[in-house]
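Heads up, the thing below is written out as structure tokens.
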Amino acid sequence: MTEYQFTNNWFGGNIPTWDYLMNQFKPATILEIGSFEGRSTCYIIEKCSSHHAIDVTCIDSWEGGVEEHQKGTAMSEIERRFDHNVALAQSRAKNPVTLNKIKMHSVPACCRLMATRGEQAFDLIYVDGSHQAPDVLADAVLAFNLLRVGGLMIFDDYLWCMEAQGKEDPLNMPKPAIDAFMTLYARKMKIISGAPIYQIYAQKTGR
């Protein structure tokens, strides 16, 4: 039997919270910024397609970030596993799944989506790309415009940092960018309270 090919389970701890939110929001159009091997993508396909047909767009350059370059990660293998995994998830889906793979950096990819699909095109946007603060902030601002009012935005790795504790570089952390975005958009985004703090879950309340 063909099985998923994952080398990590970073996403697994988020599943109970995601299960609750996916049952509440039931997103039909989903954008994922940063896909790696497709662990979260496969969850989205299997879970969200249980409600209805879905359209999933995945943005990733599959070039790897600073962390992958330091480790010498073979990104071509990561992309191959992504392709295998999402194809398997589609074959197991309970309703039709349209998968759009965009192999680009996130900023030009989001701009292209804005031009082709327009604003408020997505019910759910998962921001899980670069861990560098300037990149995260750019992804968040673009994602806001692509998210419909009432939709859900999820940020991964809120507490992640590259350096050891006490030696953190704020430019190498998603947290300062997420904090800045949520402060500037405080009248248009509402944090969903009660969830584990390693991810930030927020609903768009206004344009």
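Identifiers in this document derive from the order of the structure tokens: chains are assigned A, B, ..., residues are numbered from 1 separately in each chain, and ligands are numbered from 1 in order of occurrence.
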
Selection near Asp169 (chain A), 10 Å with only C-alpha atoms, sequence-local residues under 5 positions removed, as a CSV table (one decimal) with N, CA and C atoms, in the first residue's frame:
```csv
chain,number,residue,atom,x,y,z
A,132,GLN,N,12.1,34.5,8.6
A,132,GLN,CA,12.7,35.8,8.8
A,132,GLN,C,11.6,36.9,8.9
A,133,ALA,N,11.7,37.7,9.9
A,133,ALA,CA,10.6,38.7,10.2
A,133,ALA,C,10.2,39.5,9.0
A,161,CYS,N,12.7,30.5,17.1
A,161,CYS,CA,13.8,31.4,16.8
A,161,CYS,C,15.0,30.5,16.4
A,162,MET,N,15.9,31.1,15.6
A,162,MET,CA,17.0,30.4,15.1
A,162,MET,C,18.1,30.2,16.1
A,163,GLU,N,18.3,31.3,16.9
A,163,GLU,CA,19.4,31.3,17.8
A,163,GLU,C,19.0,30.7,19.2
A,164,ALA,N,20.0,30.5,20.0
A,164,ALA,CA,19.8,30.0,21.3
A,164,ALA,C,19.1,31.0,22.2
```

Find the residues around Glu3 (chain A) up to 10 Å (only C-alpha atoms counted), leave out those fewer than 4 positions away in its own chain, and share them as a CSV table (one decimal) with C-alpha atoms, in the first residue's frame.
```csv
chain,number,residue,atom,x,y,z
A,84,HIS,CA,3.9,12.3,-3.9
A,85,ASN,CA,2.2,13.1,-0.7
A,88,LEU,CA,-1.9,10.5,-2.4
A,89,ALA,CA,-4.0,12.8,-0.3
```

Note to self: Neighbouring residues of Ala109 (chain A) were defined as those with any atom within 10 Å, considering only C-alpha atoms; residues of the same chain fewer than 2 positions away were excluded. Please report them as a ChimeraX atom specification.
What the structure shows: /A:33,58-61,102-107,111-115,142

Notebook entry, point to check: Just asking: which residues within chain A are strand (DSSP E) according to DSSP, as a ChimeraX atom specification?
Noted result: /A:29-33,54-59,97-102,122-127,147-155,189-191,200-204

Check: Taking into account only C-alpha atoms, which residue in the set A:Val56, A:Ile178, A:Ile45, A:Leu184 is nearest to Ala93 (chain A)?
Finding: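 Checking each candidate against Ala93 (chain A), we get A:Ile45 as the closest.
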
Item checked: Atom-to-atom span, CA of Met75 (chain A) and CA of Thr7 (chain A), Å ->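 So the two atoms, CA of Met75 (chain A) and CA of Thr7 (chain A), lie 12.6 Å apart.
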
Item checked: Residue with smallest distance to Asp83 (chain A) - pool A:Ser40, A:Gln5, A:Thr183, A:Thr29, counting only C-alpha atoms -> A:Gln5

Margin query: Using only C-alpha atoms, which protein or nucleic acid residues come within 10 Å of Ala143 (chain A)? Drop anything in the same chain fewer than 2 positions from it, and give the result as a VMD selection string.
Written below: chain A and resid 31 to 33 106 to 107 110 to 111 114 119 to 122 124 to 127 137 to 141 145 to 148 153
